[in-house]
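Notes follow once the structure below has been shown.
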Amino acid sequence: MSSYADIALPVPLDQTFTYAVNGVVPVVGARVLVPFSGQRLMGVVMRVHDEAPQQGFEVKPIQQVLDDSALLPDELMELARWIAQYYVAPLGEVLRGMLPLGAEVKRHFVYRITDVGRRILYEGAEKGASRRSKLSAEDQNREYAVLNYLESGEGAKLGTLRSATNANKQLLEGMVKKKWLLREAVAEERDARRLEKVAVLIEDARLPKLNTNQTAILAELAAVGGRMRVRDLKEKLGHAGVPETTLTTLVRRELVRIEEVAEEFHFGGVATHGKKHAHEHVLNEQQMEALSAIVAAMAKGGFAPHLLYGVTGSGKTAVYFAAMRRALDAGCSALLLVPEIGLTPAMTGQLVAAFGDEVALLHSQLTPDERAEQWHRIRRGEARVVVGTRSAVFAPLVKLGLIIVDEEHDGSYKQEETPRYHGRDVAVMRAKLNEAVVLLGSATPSLESWSNAEKGRYARVEMRERVMSRALPAVELVDMRNEFRETGQEQIFSRRLIEETQATLDRGEQAIILLNRRGYSFVVMCRSCGDKIECENCAISMTYHKHGTEGDGIAKPGERLECHYCGFRRSVPKRCPKCDSEHLYYLGAGSQQGEERLQEIFPGARIGRMDRDTVRGRADMERLLARLHAGEINLLVGTQMIAKGHDIHGVTMVGVVGADFALGLPDFRAAERVFQLLTQVSGRAGRGELPGRVLVQSYHPDHYAVKFAAQHDYTGFVAKELQYRRWMHYPPYAVLANVVVQSDRLEEATGWSMELGRWFQQSRLEGIRVLGPAAAPISRLKRIYRFHFVLKGEKRQALGSVLRALLAFSEVKAIPRRNLVVDVDAVHLM
């Protein structure tokens, strides 16, 4: 029997930890609970063995084995190791991201008395309370009550201690600081099943004499077949004025029983209002050619990456569904990734219509219990079709045969916290490990994927025409420089955009206007001193959010300034915090101001807004999309959320406002992002029977990204952009990593970055160019000061070696791992 196990723990350390087997020998891939640094953490077993650690190391025992068998199959364990190696990330944190099972482990804090606390207790019994204490006599008495309660050595939870001694959390934390108490984080198993209570009418029960309320409940149950959810029944009782205790009486008299059953999962979805579902469409010739290429690859077997380049409205979704059906018919499972949660309602509704109970949903807005439930359904093989966002790439599908990455170019697939993986690239590797087909679909493929197709690494499938030979929308550029010269005013919406929008609404059609900024105004500046009001936590201007639509320029209750990075909020000042001037100026228009202005211009329009302020959960998105599909909204304004994947046939006009501001950002991908955004939002127009029209307001109408987007010329843009990338040695002609040094103390962050800068200068880095150290574009974020290095190289192996050597040097210099962010294949350099 093996005596030791190596455990990967969710801590920012690049190693596993050895523990002694305590009774049951865990299997590789199972979860265990182990003690670590005064806590009890959940980890994953990576290896079991008999190799005793070096002398002098204390080996603690495993406290609890949570799984009888491996929770993760071999291919996902291998994928985890690859992610840790490729992205230079701690293996334990990779595995934590793979397992959305936090609901199955309950965490709480336990307080125990220390030797110091026990000595203080005994001294207090002999000498009385200390006169030197800053606490009141009442709080000192509470401290001794806590010590007395814990004197036996047994731990107690926070709630238990508070109830027994009247001590509050602040008092207990003070005792921890004085080392009288030890606070331990404890984890233990919990039942994460979602259960609900159902009232069941007992048949053939002998009815005694009943009052009116009791008769009403029995009649209600009989009318619905003898079963009803208790919460629904209580709601009806409340409307009828029947007290809830009546149901309890019927249960006691054995006329009704209460059962616990699995709660139904709400997949959501958006009503199609007469439109066919994706699986109901008859595929045209180009769709059939695309499907044939994918099906042939599945029939041949083995790893087969495909890039599906299809213009907006070409029917890529119908091809996805047909390919998934072929995978299921072949006895395999299929995974569909979408970039944002906002796209899941429409996609999930269509998948359920096509595949019924075989569908599972995974994304971060599910409750922890819902995520655990869906994950186990997938693992048991009950769900063979999974749809979800980035993290769904780790779904434990049985016999995975097809992975589809929709809108593969989207930056949302990149995780911006450890482990910083890219969902698209992990999907490709997972397909390779499973010898499966992976399909990357987009109307604007990323330059990395396009380059891979050009080099023959991916098979390229093209769909260059819209379904039913519908024309791509005509795009008109409005030069906002000329607009200002002719009107002498800085306006959000040009005269041409207002004219076209009015004509669209007059025809009874729908219009969408993209205004890619949240809030009302994104800069508040003092006209006297020129100072901007910045977040106290981040080096970024705060955004002004207005309360309501009426106003006379004076801040109303509920108006606020908000940081969109850390969430910090403050009231709107009446005077400049720096120079005390009353001349505060609001610059820049966000979607909230856009909505207000549109209501003034088009008072008869039915206007909706889609941004992070109006769409906070999946139910909000479902309601908004349902209203849009039903025609209840005929003018929608919003941020880039409206640009992705939505198929609303009534939309014939799209206006684009301020999308080209990103061309001024310090990021080599700026032009690519602007081109993709303009192309994607333009694709929302003319998807039905009527032709579409797009008006793009721009201060840079001559920029190649804007011009090529207006011409729907993806290949022309790619040729131009790749030429620039080749000259500057940027991806896809180089590999790249962004290393961020961060600390809440400026002098510490500065010192560490200089230390690492000297190491880079003194080391022989073959094939690697280092830019930095320099202050990050956002130099302070959430009260953390940030400096960064950008590393560029020709070979990925050389880049990985340098990064690992950097981390080893940092460990020698006692630079904590949590203060170093290593972002391989960084998408954002801000």
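In the structure tokens, chains take the letters A, B, ... in the order shown, each chain's residues start at 1, and ligands count up from 1 in the order shown.
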Arg206 of chain A environment, 12 Å, only C-alpha atoms, sequence neighbours closer than 4 positions dropped, as a PyMOL selection string: chain A and resi 202+210+253-256
Would you return as an NGL selection string the members of segment 320-485 of chain A that DSSP assigns to strand (DSSP E) on this structure's backbone? :A and (333-337 or 359-362 or 385-388 or 400-406 or 437-442 or 459-463 or 474-479)
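Of the listed residues (A:Val359, A:Ala219, A:Ala372, A:Leu150), A:Ala372 comes nearest to Met98 of chain A; the distances count only C-alpha atoms.
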Who sits within 7 Å of Ala156 of chain A, only C-alpha atoms, same chain under 2 positions skipped, as JSON, numbers by chain: {"A": [110, 111, 112, 154, 158, 160, 161]}
Any chance you could export the current selection's C-alpha atoms as a JSON list (two decimals), in the first residue's frame?
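The file below, again.json, is the result:
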[["chain", "number", "residue", "atom", "x", "y", "z"],
["A", 110, "VAL", "CA", -13.09, 27.86, 13.75],
["A", 111, "TYR", "CA", -11.52, 29.58, 16.79],
["A", 112, "ARG", "CA", -9.27, 27.74, 19.26],
["A", 154, "GLU", "CA", -12.16, 22.19, 21.28],
["A", 158, "LEU", "CA", -18.01, 32.10, 14.90],
["A", 160, "THR", "CA", -21.48, 29.50, 18.27],
["A", 161, "LEU", "CA", -19.00, 31.78, 20.07]]
To one decimal place, how far is atom CA of Arg384 of chain A from atom CA of Glu358 of chain A in Å? 5.4 Å
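Residue nearest Phe602 of chain A, chosen from A:Leu722, A:Met480, A:Leu678, A:Ile498 and counting only C-alpha atoms: A:Ile498.
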Alpha helix (DSSP H) positions in segment 353-556 of chain A, given as a ChimeraX atom specification: /A:353-355,368-379,423-434,447-454,480-487,495-506
Find the residues near segment 261-267 of chain A: any atom within 7 Å, counting only C-alpha atoms, skip ones fewer than 6 places away on the same chain, and give them as a PDB file with N, CA, C and O atoms, in the first residue's frame.
ATOM      1  N   ARG A 194     -29.694  20.195  -5.535  1.00  0.00           N
ATOM      2  CA  ARG A 194     -30.772  21.184  -5.437  1.00  0.00           C
ATOM      3  C   ARG A 194     -32.100  20.435  -5.307  1.00  0.00           C
ATOM      4  O   ARG A 194     -32.541  19.766  -6.231  1.00  0.00           O
ATOM      5  N   LEU A 195     -32.682  20.536  -4.130  1.00  0.00           N
ATOM      6  CA  LEU A 195     -33.936  19.840  -3.861  1.00  0.00           C
ATOM      7  C   LEU A 195     -35.036  20.842  -3.567  1.00  0.00           C
ATOM      8  O   LEU A 195     -34.790  21.934  -3.054  1.00  0.00           O
ATOM      9  N   GLU A 196     -36.247  20.491  -3.916  1.00  0.00           N
ATOM     10  CA  GLU A 196     -37.402  21.320  -3.584  1.00  0.00           C
ATOM     11  C   GLU A 196     -38.504  20.438  -3.027  1.00  0.00           C
ATOM     12  O   GLU A 196     -38.568  19.237  -3.315  1.00  0.00           O
ATOM     13  N   LYS A 197     -39.374  21.021  -2.210  1.00  0.00           N
ATOM     14  CA  LYS A 197     -40.438  20.273  -1.559  1.00  0.00           C
ATOM     15  C   LYS A 197     -41.700  20.279  -2.412  1.00  0.00           C
ATOM     16  O   LYS A 197     -42.074  21.301  -2.994  1.00  0.00           O
ATOM     17  N   THR A 348     -28.893  28.392 -26.141  1.00  0.00           N
ATOM     18  CA  THR A 348     -29.398  27.291 -25.326  1.00  0.00           C
ATOM     19  C   THR A 348     -30.815  26.915 -25.739  1.00  0.00           C
ATOM     20  O   THR A 348     -31.155  25.721 -25.827  1.00  0.00           O
TER      21      THR A 348
END
Closest to Glu500 of chain A among A:Glu632, A:Gly692, A:Gly588, A:Ala318, using only C-alpha atoms? A:Gly692
Quick one: everything within 12 Å of Asp580 of chain A, counting only C-alpha atoms, minus sequence neighbours fewer than 6 positions away in the same chain. Send it as an mmCIF file with C-alpha atoms, in the first residue's frame.
data_model
loop_
_atom_site.group_PDB
_atom_site.id
_atom_site.type_symbol
_atom_site.label_atom_id
_atom_site.label_comp_id
_atom_site.auth_asym_id
_atom_site.auth_seq_id
_atom_site.Cartn_x
_atom_site.Cartn_y
_atom_site.Cartn_z
ATOM 1 C CA CYS A 526 -12.204 70.620 -13.849
ATOM 2 C CA ARG A 527 -12.140 73.518 -16.317
ATOM 3 C CA SER A 528 -10.003 75.579 -13.952
ATOM 4 C CA CYS A 529 -7.094 73.261 -13.137
ATOM 5 C CA ASP A 531 -7.565 67.774 -13.205
ATOM 6 C CA PRO A 573 -18.802 66.438 -6.066
ATOM 7 C CA LYS A 574 -20.169 69.944 -6.459
#
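Near Ala327 of chain A, within 9 Å and counting only C-alpha atoms, sit Val295, Met298, Ala322, Ala323, Gly331, Cys332, Ser333, Ala334, Leu400, Gly401 and Leu402 of chain A, not including residues fewer than 4 positions from it in the same chain.
Shortest atom-to-atom contact with Gly302 of chain A among A:Leu250, A:Val352, A:Leu472, A:Ala431: A:Ala431, counting only C-alpha atoms.
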Find the spatial neighbours of Gln711 of chain A, counting only C-alpha atoms, within a cut-off of 12 Å - ignore same-chain residues fewer than 6 positions away - and output them as a ChimeraX atom specification. /A:472-477,675,678-679,682,694,696,704-705,717
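Minimum atom-to-atom distance to Val200 of chain A, evaluated using only C-alpha atoms, belongs to A:Val224 out of A:Ala137, A:Leu771, A:Ala185, A:Val224.
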Would you write out, as CSV, a table of all residues in segment 424-443 of chain A that have an atom no more than 9 Å from an atom of segment 66-82 of chain A, listing for each the closest atom pair and the distance in Å to one decimal, considering only C-alpha atoms and ordering rows by chain and rising residue number?
residue,atom,partner,partner_atom,distance
A:Val426,CA,A:Leu79,CA,8.1
A:Met429,CA,A:Leu79,CA,7.5
A:Arg430,CA,A:Leu79,CA,6.6
A:Leu433,CA,A:Glu75,CA,6.4
A:Asn434,CA,A:Glu75,CA,7.1
How about saving the chosen residues, C-alpha atoms kept, as a PDB file, in the first residue's frame?
ATOM      1  CA  VAL A 426      -7.121  25.120 -24.828  1.00  0.00           C
ATOM      2  CA  MET A 429      -5.259  21.187 -27.369  1.00  0.00           C
ATOM      3  CA  ARG A 430      -8.158  19.289 -25.801  1.00  0.00           C
ATOM      4  CA  LEU A 433      -5.655  14.967 -26.689  1.00  0.00           C
ATOM      5  CA  ASN A 434      -9.042  13.418 -27.563  1.00  0.00           C
TER       6      ASN A 434
END
The distance between atom CA of Met653 of chain A and atom CA of Gln593 of chain A is 20.3 Å
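Nearest-residue note for Val827 of chain A: choosing from A:Val59, A:Ile815, A:Leu736, A:Leu799, the minimum distance belongs to A:Leu736, counting only C-alpha atoms.
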